[in-house]
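Q: Got a file for you: final26.cif, mmCIF, C-alpha atoms (C1' of nucleotides).
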```cif
data_upload
#
loop_
_atom_site.label_atom_id
_atom_site.label_comp_id
_atom_site.auth_asym_id
_atom_site.auth_seq_id
_atom_site.Cartn_x
_atom_site.Cartn_y
_atom_site.Cartn_z
CA MET A 13 -17.16 -22.29 15.61
CA SER A 14 -15.44 -21.67 18.90
CA THR A 15 -11.88 -20.43 18.88
CA SER A 16 -10.19 -23.34 20.56
CA LYS A 17 -6.80 -22.24 19.26
CA ALA A 18 -4.74 -19.79 21.24
CA ALA A 19 -5.63 -16.25 20.33
CA ARG A 20 -1.94 -15.30 20.30
CA THR A 21 -0.76 -15.39 16.74
CA PRO A 22 2.76 -16.79 16.84
CA THR A 23 4.37 -14.97 13.95
CA ASP A 24 3.30 -13.69 10.58
CA PRO A 25 5.45 -12.71 7.57
CA VAL A 26 5.84 -9.20 8.95
CA ASP A 27 7.15 -10.50 12.27
CA ALA A 28 9.64 -12.61 10.33
CA ILE A 29 10.92 -9.59 8.43
CA ILE A 30 11.24 -7.58 11.62
CA ASP A 31 13.19 -10.43 13.22
CA GLN A 32 15.54 -10.49 10.25
CA TRP A 33 16.23 -6.79 10.60
CA ALA A 34 16.83 -7.24 14.33
CA ALA A 35 19.49 -9.83 13.53
CA VAL A 36 21.46 -7.70 11.06
CA ARG A 37 20.65 -4.19 12.26
CA PRO A 38 19.83 -4.35 15.98
CA ASP A 39 20.15 -0.57 16.19
CA LEU A 40 17.01 0.03 14.08
CA ASP A 41 13.69 1.02 15.64
CA THR A 42 11.33 -1.14 13.62
CA ALA A 43 8.17 -0.55 15.65
CA ALA A 44 6.46 1.35 12.84
CA MET A 45 6.86 -1.65 10.54
CA GLU A 46 4.47 -3.57 12.77
CA VAL A 47 1.74 -1.28 11.53
CA PHE A 48 2.77 -0.13 8.06
CA GLY A 49 4.22 -3.44 6.93
CA ARG A 50 0.81 -4.96 7.57
CA VAL A 51 -1.06 -2.06 6.00
CA PHE A 52 0.95 -2.50 2.79
CA ARG A 53 0.44 -6.26 2.68
CA LEU A 54 -3.25 -6.05 3.51
CA SER A 55 -3.77 -3.41 0.86
CA ARG A 56 -2.09 -5.52 -1.78
CA ALA A 57 -3.83 -8.76 -0.83
CA MET A 58 -7.28 -7.19 -0.70
CA GLY A 59 -6.57 -5.14 -3.81
CA ASP A 60 -5.80 -8.31 -5.72
CA ARG A 61 -9.01 -9.86 -4.48
CA MET A 62 -11.08 -6.86 -5.47
CA GLU A 63 -9.46 -6.97 -8.89
CA LYS A 64 -10.52 -10.58 -9.36
CA THR A 65 -14.02 -9.87 -8.11
CA TYR A 66 -14.60 -7.05 -10.58
CA ALA A 67 -12.91 -8.99 -13.37
CA ARG A 68 -15.75 -11.50 -13.21
CA LEU A 69 -18.04 -8.64 -14.23
CA GLY A 70 -15.72 -7.58 -17.05
CA ILE A 71 -14.19 -4.47 -15.51
CA SER A 72 -10.93 -3.59 -13.79
CA ARG A 73 -10.65 -2.13 -10.33
CA GLY A 74 -9.79 1.29 -11.76
CA GLU A 75 -12.82 1.17 -14.02
CA PHE A 76 -15.00 0.17 -11.10
CA ASP A 77 -13.78 3.24 -9.24
CA VAL A 78 -14.98 5.47 -12.05
CA LEU A 79 -18.41 3.86 -12.22
CA ALA A 80 -18.73 3.85 -8.43
CA THR A 81 -17.85 7.54 -8.18
CA LEU A 82 -20.57 8.35 -10.69
CA ARG A 83 -23.05 6.09 -8.91
CA ARG A 84 -22.30 7.63 -5.52
CA SER A 85 -22.82 11.13 -6.91
CA GLY A 86 -26.53 10.29 -7.23
CA ASP A 87 -29.04 11.13 -9.92
CA PRO A 88 -28.39 12.10 -12.73
CA TYR A 89 -25.05 10.22 -12.33
CA ALA A 90 -23.13 12.89 -14.24
CA LEU A 91 -19.67 14.30 -13.48
CA SER A 92 -16.96 15.88 -15.62
CA PRO A 93 -13.73 14.05 -16.47
CA ARG A 94 -11.96 16.68 -14.42
CA GLN A 95 -14.06 15.99 -11.33
CA LEU A 96 -13.50 12.28 -11.77
CA SER A 97 -9.74 12.54 -12.12
CA ALA A 98 -9.53 14.85 -9.12
CA THR A 99 -11.59 12.51 -6.95
CA LEU A 100 -9.65 9.45 -7.99
CA MET A 101 -6.24 11.17 -7.79
CA LEU A 102 -5.51 10.33 -11.39
CA THR A 103 -3.95 12.41 -14.14
CA THR A 104 -6.24 13.57 -16.91
CA GLY A 105 -4.37 11.32 -19.31
CA GLY A 106 -5.14 8.29 -17.23
CA MET A 107 -8.78 9.28 -16.99
CA THR A 108 -9.07 9.66 -20.77
CA GLY A 109 -8.01 6.04 -21.12
CA ARG A 110 -10.45 4.74 -18.54
CA LEU A 111 -13.34 6.69 -20.03
CA ASP A 112 -12.46 5.44 -23.52
CA LYS A 113 -12.70 1.84 -22.39
CA LEU A 114 -15.88 2.32 -20.39
CA GLU A 115 -17.55 4.25 -23.18
CA ARG A 116 -16.62 1.55 -25.70
CA ALA A 117 -18.17 -1.02 -23.34
CA GLY A 118 -21.39 1.00 -23.29
CA LEU A 119 -21.22 1.61 -19.53
CA LEU A 120 -21.08 5.38 -19.75
CA ARG A 121 -21.54 8.21 -22.23
CA ARG A 122 -19.63 11.43 -22.87
CA SER A 123 -21.80 14.42 -23.80
CA PRO A 124 -21.06 18.14 -24.10
CA ASP A 125 -21.55 20.28 -21.01
CA PRO A 126 -24.31 22.78 -21.90
CA HIS A 127 -22.75 25.54 -19.78
CA ASP A 128 -19.06 25.19 -20.62
CA ARG A 129 -18.03 24.27 -24.13
CA ARG A 130 -14.60 23.11 -22.94
CA ALA A 131 -16.09 20.56 -20.61
CA LEU A 132 -17.86 17.23 -20.90
CA GLN A 133 -20.46 15.46 -18.86
CA VAL A 134 -19.80 11.81 -18.18
CA THR A 135 -23.03 9.94 -17.56
CA LEU A 136 -23.77 6.40 -16.44
CA THR A 137 -25.84 4.42 -18.95
CA ASP A 138 -28.56 2.05 -17.77
CA LYS A 139 -26.16 -0.79 -18.44
CA GLY A 140 -23.47 0.96 -16.42
CA LEU A 141 -25.84 1.61 -13.54
CA THR A 142 -26.93 -2.01 -13.40
CA LEU A 143 -23.36 -3.25 -13.57
CA VAL A 144 -21.96 -0.97 -10.92
CA ASP A 145 -24.82 -1.83 -8.56
CA GLU A 146 -23.93 -5.47 -8.92
CA ALA A 147 -20.19 -4.82 -8.63
CA VAL A 148 -20.40 -2.77 -5.46
CA GLY A 149 -22.41 -5.53 -3.82
CA ALA A 150 -19.93 -8.19 -4.88
CA GLY A 151 -16.99 -6.10 -3.70
CA LEU A 152 -18.53 -5.42 -0.33
CA ALA A 153 -19.31 -9.10 0.11
CA VAL A 154 -15.62 -9.93 -0.37
CA GLN A 155 -14.56 -7.25 2.09
CA THR A 156 -17.17 -8.26 4.64
CA GLU A 157 -16.04 -11.86 4.44
CA ALA A 158 -12.41 -10.81 4.92
CA LEU A 159 -13.35 -8.70 7.92
CA SER A 160 -15.06 -11.64 9.60
CA SER A 161 -11.73 -12.58 11.21
CA LEU A 162 -12.60 -9.83 13.68
CA ASP A 163 -15.65 -9.50 15.88
CA GLU A 164 -17.77 -6.38 15.66
CA GLU A 165 -16.05 -4.60 18.52
CA GLN A 166 -12.58 -5.26 17.14
CA ALA A 167 -13.64 -4.08 13.68
CA GLY A 168 -14.93 -0.85 15.15
CA GLN A 169 -11.76 -0.37 17.18
CA LEU A 170 -9.65 -0.99 14.10
CA ALA A 171 -11.64 1.49 12.03
CA ASP A 172 -11.22 4.13 14.74
CA LEU A 173 -7.47 3.63 15.01
CA LEU A 174 -7.10 3.77 11.24
CA ARG A 175 -9.18 6.95 11.03
CA GLN A 176 -6.96 8.59 13.60
CA LEU A 177 -3.78 7.46 11.87
CA LEU A 178 -5.04 8.53 8.46
CA ALA A 179 -6.02 11.95 9.76
CA GLY A 180 -2.55 12.46 11.23
CA THR A 181 -0.65 11.30 8.18
CA GLY A 182 -2.84 13.23 5.76
CA ARG A 183 -1.86 16.49 7.38
CA THR A 184 1.88 15.89 7.40
CA SER A 185 1.89 14.89 3.74
CA ARG A 186 3.45 16.83 0.89
CA MET B 4 -25.32 -2.15 11.47
CA SER B 5 -23.21 0.93 11.92
CA THR B 6 -22.47 2.44 15.26
CA SER B 7 -23.66 5.98 15.85
CA LYS B 8 -21.19 8.64 14.83
CA ALA B 9 -19.09 9.99 17.67
CA ALA B 10 -19.27 13.74 17.65
CA ARG B 11 -15.56 14.12 18.43
CA THR B 12 -14.56 12.44 15.17
CA PRO B 13 -14.61 15.10 12.47
CA THR B 14 -15.42 12.67 9.62
CA ASP B 15 -12.72 11.82 7.15
CA PRO B 16 -12.93 11.20 3.39
CA VAL B 17 -13.91 7.58 3.98
CA ASP B 18 -16.84 8.60 6.18
CA ALA B 19 -17.93 10.96 3.41
CA ILE B 20 -17.91 8.17 0.84
CA ILE B 21 -19.86 5.87 3.15
CA ASP B 22 -22.43 8.61 3.71
CA GLN B 23 -22.79 9.04 -0.05
CA TRP B 24 -23.46 5.34 -0.48
CA ALA B 25 -25.99 5.43 2.35
CA ALA B 26 -27.86 8.17 0.50
CA VAL B 27 -28.13 6.35 -2.83
CA ARG B 28 -28.00 2.70 -1.74
CA PRO B 29 -29.32 2.49 1.83
CA ASP B 30 -29.60 -1.29 1.45
CA LEU B 31 -25.79 -1.77 1.34
CA ASP B 32 -23.83 -2.99 4.36
CA THR B 33 -20.81 -0.71 4.14
CA ALA B 34 -19.24 -1.59 7.50
CA ALA B 35 -16.24 -3.27 5.89
CA MET B 36 -15.42 -0.03 4.03
CA GLU B 37 -14.68 1.58 7.39
CA VAL B 38 -11.64 -0.65 7.61
CA PHE B 39 -10.58 -1.42 4.04
CA GLY B 40 -11.30 2.02 2.64
CA ARG B 41 -8.81 3.37 5.15
CA VAL B 42 -6.31 0.58 4.58
CA PHE B 43 -6.27 1.39 0.85
CA ARG B 44 -5.89 5.12 1.40
CA LEU B 45 -3.23 4.72 4.07
CA SER B 46 -1.28 2.35 1.89
CA ARG B 47 -1.32 4.75 -1.02
CA ALA B 48 -0.48 7.82 1.03
CA MET B 49 2.40 6.15 2.86
CA GLY B 50 3.55 4.42 -0.32
CA ASP B 51 3.84 7.78 -2.03
CA ARG B 52 5.82 9.11 0.89
CA MET B 53 8.19 6.17 0.91
CA GLU B 54 8.67 6.66 -2.82
CA LYS B 55 9.71 10.27 -2.29
CA THR B 56 12.00 9.34 0.58
CA TYR B 57 13.90 6.74 -1.43
CA ALA B 58 13.93 8.99 -4.50
CA ARG B 59 16.17 11.40 -2.57
CA LEU B 60 18.73 8.58 -2.47
CA GLY B 61 18.33 7.88 -6.17
CA ILE B 62 16.30 4.67 -6.03
CA SER B 63 12.65 3.73 -6.44
CA ARG B 64 10.59 1.94 -3.84
CA GLY B 65 10.73 -1.29 -5.82
CA GLU B 66 14.49 -1.04 -6.07
CA PHE B 67 14.73 -0.39 -2.35
CA ASP B 68 12.77 -3.59 -1.75
CA VAL B 69 15.38 -5.58 -3.67
CA LEU B 70 18.29 -4.05 -1.80
CA ALA B 71 16.51 -4.42 1.54
CA THR B 72 15.74 -8.08 0.92
CA LEU B 73 19.42 -8.73 0.21
CA ARG B 74 20.46 -6.73 3.28
CA ARG B 75 18.04 -8.56 5.54
CA SER B 76 19.34 -11.91 4.35
CA GLY B 77 22.60 -11.16 6.15
CA ASP B 78 26.19 -11.83 5.18
CA PRO B 79 27.18 -12.50 2.37
CA TYR B 80 24.11 -10.59 1.09
CA ALA B 81 23.59 -12.99 -1.80
CA LEU B 82 20.32 -14.38 -3.19
CA SER B 83 19.26 -15.64 -6.60
CA PRO B 84 16.95 -13.64 -8.88
CA ARG B 85 14.42 -16.42 -8.38
CA GLN B 86 14.50 -16.10 -4.58
CA LEU B 87 14.15 -12.34 -4.89
CA SER B 88 11.19 -12.46 -7.26
CA ALA B 89 9.46 -15.05 -5.07
CA THR B 90 9.96 -12.99 -1.92
CA LEU B 91 8.80 -9.78 -3.56
CA MET B 92 5.89 -11.44 -5.41
CA LEU B 93 7.19 -10.22 -8.72
CA THR B 94 7.43 -11.98 -12.07
CA THR B 95 10.89 -12.92 -13.24
CA GLY B 96 10.55 -10.41 -16.06
CA GLY B 97 9.96 -7.61 -13.62
CA MET B 98 12.92 -8.72 -11.53
CA THR B 99 15.23 -8.75 -14.54
CA GLY B 100 14.42 -5.08 -15.08
CA ARG B 101 15.06 -4.10 -11.49
CA LEU B 102 18.33 -5.98 -11.34
CA ASP B 103 19.45 -4.37 -14.62
CA LYS B 104 18.91 -0.90 -13.19
CA LEU B 105 20.53 -1.66 -9.85
CA GLU B 106 23.51 -3.35 -11.47
CA ARG B 107 24.01 -0.40 -13.81
CA ALA B 108 23.97 1.88 -10.75
CA GLY B 109 26.69 -0.25 -9.16
CA LEU B 110 24.55 -1.20 -6.17
CA LEU B 111 24.64 -4.93 -6.80
CA ARG B 112 26.44 -7.50 -8.90
CA ARG B 113 25.29 -10.62 -10.76
CA SER B 114 27.69 -13.54 -10.65
CA PRO B 115 27.34 -17.19 -11.69
CA ASP B 116 26.14 -19.66 -9.07
CA PRO B 117 29.03 -22.11 -8.56
CA HIS B 118 26.66 -25.04 -7.92
CA ASP B 119 24.00 -24.50 -10.60
CA ARG B 120 24.98 -23.19 -13.98
CA ARG B 121 21.40 -22.07 -14.72
CA ALA B 122 21.33 -19.81 -11.70
CA LEU B 123 22.88 -16.51 -10.66
CA GLN B 124 23.92 -15.03 -7.37
CA VAL B 125 22.90 -11.45 -6.79
CA THR B 126 25.24 -9.74 -4.34
CA LEU B 127 25.14 -6.34 -2.68
CA THR B 128 28.19 -4.18 -3.47
CA ASP B 129 29.77 -2.02 -0.77
CA LYS B 130 28.05 0.94 -2.36
CA GLY B 131 24.73 -0.92 -2.29
CA LEU B 132 25.19 -1.90 1.34
CA THR B 133 25.93 1.66 2.40
CA LEU B 134 22.99 3.01 0.44
CA VAL B 135 20.43 0.52 1.69
CA ASP B 136 21.53 1.06 5.28
CA GLU B 137 20.90 4.75 4.85
CA ALA B 138 17.61 4.18 3.01
CA VAL B 139 16.13 1.83 5.57
CA GLY B 140 16.84 4.35 8.29
CA ALA B 141 15.27 7.18 6.32
CA GLY B 142 12.21 5.08 5.51
CA LEU B 143 11.70 4.03 9.11
CA ALA B 144 12.02 7.63 10.24
CA VAL B 145 9.15 8.61 7.93
CA GLN B 146 7.00 5.73 9.15
CA THR B 147 7.78 6.44 12.79
CA GLU B 148 6.84 10.07 12.35
CA ALA B 149 3.55 9.06 10.69
CA LEU B 150 2.77 6.66 13.50
CA SER B 151 3.22 9.37 16.10
CA SER B 152 -0.48 10.24 15.75
CA LEU B 153 -1.03 7.24 18.01
CA ASP B 154 0.34 6.61 21.47
CA GLU B 155 2.32 3.47 22.14
CA GLU B 156 -0.61 1.45 23.42
CA GLN B 157 -2.78 2.34 20.44
CA ALA B 158 0.00 1.48 18.03
CA GLY B 159 0.40 -1.92 19.65
CA GLN B 160 -3.35 -2.51 19.56
CA LEU B 161 -3.47 -1.51 15.90
CA ALA B 162 -0.60 -3.85 15.02
CA ASP B 163 -2.35 -6.75 16.79
CA LEU B 164 -5.66 -6.16 15.03
CA LEU B 165 -3.91 -5.91 11.67
CA ARG B 166 -1.97 -9.10 12.33
CA GLN B 167 -5.19 -10.94 13.10
CA LEU B 168 -6.95 -9.54 10.04
CA LEU B 169 -4.02 -10.31 7.78
CA ALA B 170 -3.79 -13.88 9.06
CA GLY B 171 -7.48 -14.43 8.38
CA THR B 172 -7.51 -12.91 4.90
CA GLY B 173 -4.35 -14.63 3.81
CA ARG B 174 -5.93 -18.03 4.32
CA THR B 175 -9.24 -17.30 2.60
CA SER B 176 -7.51 -15.93 -0.48
CA ARG B 177 -7.83 -17.17 -4.07
"C1'" DA C 25 -13.08 45.94 -26.21
"C1'" DG C 26 -8.32 43.42 -26.29
"C1'" DT C 27 -5.08 40.74 -24.25
"C1'" DA C 28 -3.25 37.67 -20.77
"C1'" DA C 29 -3.79 33.89 -17.74
"C1'" DT C 30 -6.28 29.91 -16.60
"C1'" DT C 31 -8.82 25.67 -17.38
"C1'" DA C 32 -10.80 21.25 -19.82
"C1'" DG C 33 -9.68 17.40 -22.22
"C1'" DC C 34 -6.66 14.94 -25.30
"C1'" DT C 35 -2.12 13.13 -27.21
"C1'" DT C 36 2.46 11.35 -26.91
"C1'" DA C 37 6.69 9.39 -24.89
"C1'" DG C 38 8.46 6.81 -21.39
"C1'" DC C 39 8.31 3.63 -17.37
"C1'" DG C 40 7.43 -0.61 -14.86
"C1'" DC C 41 4.72 -4.22 -14.58
"C1'" DT C 42 2.53 -9.01 -16.25
"C1'" DA C 43 1.87 -13.03 -19.26
"C1'" DA C 44 3.71 -15.89 -22.45
"C1'" DG C 45 7.33 -17.94 -24.68
"C1'" DC C 46 12.31 -18.78 -25.37
"C1'" DT C 47 17.09 -21.19 -24.43
"C1'" DA C 48 20.21 -23.33 -21.37
"C1'" DC C 49 20.81 -26.25 -17.74
"C1'" DT C 50 19.46 -29.79 -14.14
"C1'" DT C 51 16.93 -33.67 -12.17
"C1'" DA C 52 14.08 -37.83 -12.55
"C1'" DT C 53 12.82 -42.04 -14.94
"C1'" DC C 54 13.46 -45.89 -17.46
"C1'" DG D 28 23.06 -43.48 -20.94
"C1'" DA D 29 19.08 -41.64 -23.12
"C1'" DT D 30 15.09 -39.10 -22.77
"C1'" DA D 31 11.49 -36.65 -20.51
"C1'" DA D 32 10.16 -33.24 -17.26
"C1'" DG D 33 11.24 -29.38 -14.53
"C1'" DT D 34 13.71 -25.00 -13.39
"C1'" DA D 35 16.51 -20.42 -13.96
"C1'" DG D 36 16.76 -16.31 -16.19
"C1'" DC D 37 15.80 -13.48 -20.18
"C1'" DT D 38 12.95 -11.40 -24.07
"C1'" DT D 39 8.87 -9.53 -26.10
"C1'" DA D 40 4.18 -7.66 -26.53
"C1'" DG D 41 0.72 -5.39 -24.28
"C1'" DC D 42 -1.40 -2.62 -20.53
"C1'" DG D 43 -2.13 1.33 -17.58
"C1'" DC D 44 -0.09 4.81 -15.51
"C1'" DT D 45 2.51 9.68 -15.26
"C1'" DA D 46 4.61 13.92 -17.03
"C1'" DA D 47 4.72 17.11 -20.43
"C1'" DG D 48 2.80 19.48 -24.06
"C1'" DC D 49 -1.04 20.62 -27.21
"C1'" DT D 50 -5.65 23.10 -28.78
"C1'" DA D 51 -9.88 25.23 -27.73
"C1'" DA D 52 -12.71 27.67 -24.62
"C1'" DT D 53 -13.33 30.55 -20.54
"C1'" DT D 54 -12.26 34.11 -17.11
"C1'" DA D 55 -9.70 38.10 -15.35
"C1'" DC D 56 -7.30 42.43 -16.08
"C1'" DT D 57 -6.72 46.90 -18.01
#
```
Translate the structure of the given file into structure tokens.
A:
Amino acid sequence: MSTSKAARTPTDPVDAIIDQWAAVRPDLDTAAMEVFGRVFRLSRAMGDRMEKTYARLGISRGEFDVLATLRRSGDPYALSPRQLSATLMLTTGGMTGRLDKLERAGLLRRSPDPHDRRALQVTLTDKGLTLVDEAVGAGLAVQTEALSSLDEEQAGQLADLLRQLLAGTGRTSR
Amino acid sequence: MSTSKAARTPTDPVDAIIDQWAAVRPDLDTAAMEVFGRVFRLSRAMGDRMEKTYARLGISRGEFDVLATLRRSGDPYALSPRQLSATLMLTTGGMTGRLDKLERAGLLRRSPDPHDRRALQVTLTDKGLTLVDEAVGAGLAVQTEALSSLDEEQAGQLADLLRQLLAGTGRTSR
DNA sequence: AGTAATTAGCTTAGCGCTAAGCTACTTATC
DNA sequence: GATAAGTAGCTTAGCGCTAAGCTAATTACT
């Protein structure tokens, strides 16, 4: 399909909000909203879509994150609850709940750590491995499709700008 | 296919995750993660910072959103709970809770709609108006500071790419 | 060795959300 | 004018999270 429409997007919901602020508070510098307003909306919209995608396979997005972290860690697909909660920026209480659900579903297994009797090893089962391999493919397909609004050069440019912004904000954080 | 890594970019957490996937699942096309992985992380990091910023003024981020929506609507700063929950993509149950808290804090007021006895009018109090005006300034300051990792041209470019991506994904949704 | 401090994982209370269902009121249809 | 359908706002049950506190095991200090 050729893009016969004008490339200039007239206004989106974020532009509308910024215009509203300009009307009631013309003193405000709203330039940063142009970026972060869209980051927040994009994150929510895509997050909802990922949620639905994983739901078709019977897991939540948070549960997918656990399985994917184990899968990414490579053979033997074993990490401790502590490592998982640190990676996923989750409290240990939250992780206990996720592991409970995933273990009940037969997607992973908790076994004692042979070297530290306080610790556990969380391991992907065959069923869990199969499921996460399917889920990661499905999730990436959704993201790839969403990204198709941009051509390859634009996507690369966007990724670079986001990397730079993320690096800067990470440092200044609490 | 992925572009070759530029040596000047010191790899961020998202690059690390992509590399991990490449090691265990070299068949995956992870290009979309370069964008959405960063969008998710940026949204969470900035969301946490906004939360802390508003917390100093005694409100949560969700409560700020309610006050800000009323403020943006202009004089007389009155909307119905239904309008608010639609704008903020929140169920009516969730909105009831937010309004309860904000009303108890004296930041807004619920009064009967003179034209529809089912409906209410939610109005900003003077105290609420003062507080939201301070909060929006504080929030924008945090966002502006975060955006300072980019120069003005880059920020504009980033906003344009995000607008285009958001427009495309919004339509394909379901 | 003996004791203190740290760490792993779990439990509980509380919070804010959604989904579903309720009552009161309004609008549309005959 | 009566009745059906739709709408506004609230309530409740359930879910997943955090913060705080617990026990058991490990490590560090003397």
Q: Each residue of chain C lying at most 10 Å from chain A should get a row with its shortest atom-to-atom pair and the distance in Å to one decimal, counting all atoms listed in the file; could you produce that, ordered by chain and increasing number, as a tab-separated table?
A:
```
residue	atom	partner	partner_atom	distance
C:DT31	C1'	A:Arg130	CA	8.4
C:DA32	C1'	A:Arg130	CA	5.3
C:DG33	C1'	A:Ala131	CA	7.3
C:DC34	C1'	A:Thr108	CA	7.4
C:DT35	C1'	A:Gly105	CA	8.4
```
Q: Which neighbours of DT57 of chain D fall inside 12 Å, counting all atoms listed in the file, when residues of the same chain fewer than 6 positions from it are skipped, and could you give them as a PyMOL selection string?
A: chain C and resi 25-28
Q: In terms of the shortest atom-to-atom distance over all atoms listed in the file, which of B:Pro115, B:Leu168, B:Ser152, B:Val145 is closest to chain D?
A: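 Checking each candidate against chain D, we get B:Pro115 as the closest.
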Q: Return the neighbours of chain B among the residues of chain A, cut-off 6 Å, counting only C-alpha atoms, as a PyMOL selection string.
A: chain A and resi 32-33+44+46-47+52+55+84+155-156+158+161+171+177+180-181
Q: Find the residues around Thr103 of chain A up to 9 Å (all atoms listed in the file counted), leave out those fewer than 5 positions away in its own chain, and share them as a list in words.
A: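 Selected residues are Ser97, Ala98 and Thr108 of chain A; DC44 and DT45 of chain D.
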Q: I need the contact residues of chain D against chain B, so if you could list those with any atom within 9 Å, counting only C-alpha atoms (C1' of nucleotides), and return them as a PyMOL selection string, that would help.
A: chain D and resi 34-38
Q: Exactly which residues make up the result of the PyMOL selection byres ((chain A and resi 73) around 12) on this file, given as a PyMOL selection string?
A: (chain A and resi 58-72+74-80+100+110+144+147-148+151) or (chain D and resi 43)
Q: Atom CA of Leu82 of chain A to atom CA of Leu136 of chain A: how many Å, to one decimal?
A: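 Here the two named atoms are 6.9 Å from each other.
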Q: Work out how far atom CA of Thr90 of chain B is from atom CA of Asp129 of chain B, in Å to one decimal.
A: 22.7 Å
Q: Atom CA of Val134 of chain A and atom CA of Leu120 of chain A are how many Å apart?
A: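 If I compute the distance from atom CA of Val134 of chain A to atom CA of Leu120 of chain A, I get 6.7 Å.
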Q: Within 8 Å of (2.3, 14.7, -23.7), in the coordinates the file gives, what residues turn up when you count all atoms listed in the file, written out as a list in words?
A: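 Residues with an atom close enough to that point: DT35, DT36 and DA37 of chain C; DA46, DA47, DG48 and DC49 of chain D.
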Q: Run the PyMOL selection byres ((chain C and resi 52) around 8) against the file shown and list the residues it catches, as a PyMOL selection string.
A: (chain C and resi 51+53) or (chain D and resi 32)
Q: Find the residues around DA29 of chain C up to 10 Å (all atoms listed in the file counted), leave out those fewer than 3 positions away in its own chain, and share them as an MDAnalysis selection string.
A: chainID D and resid 54:56
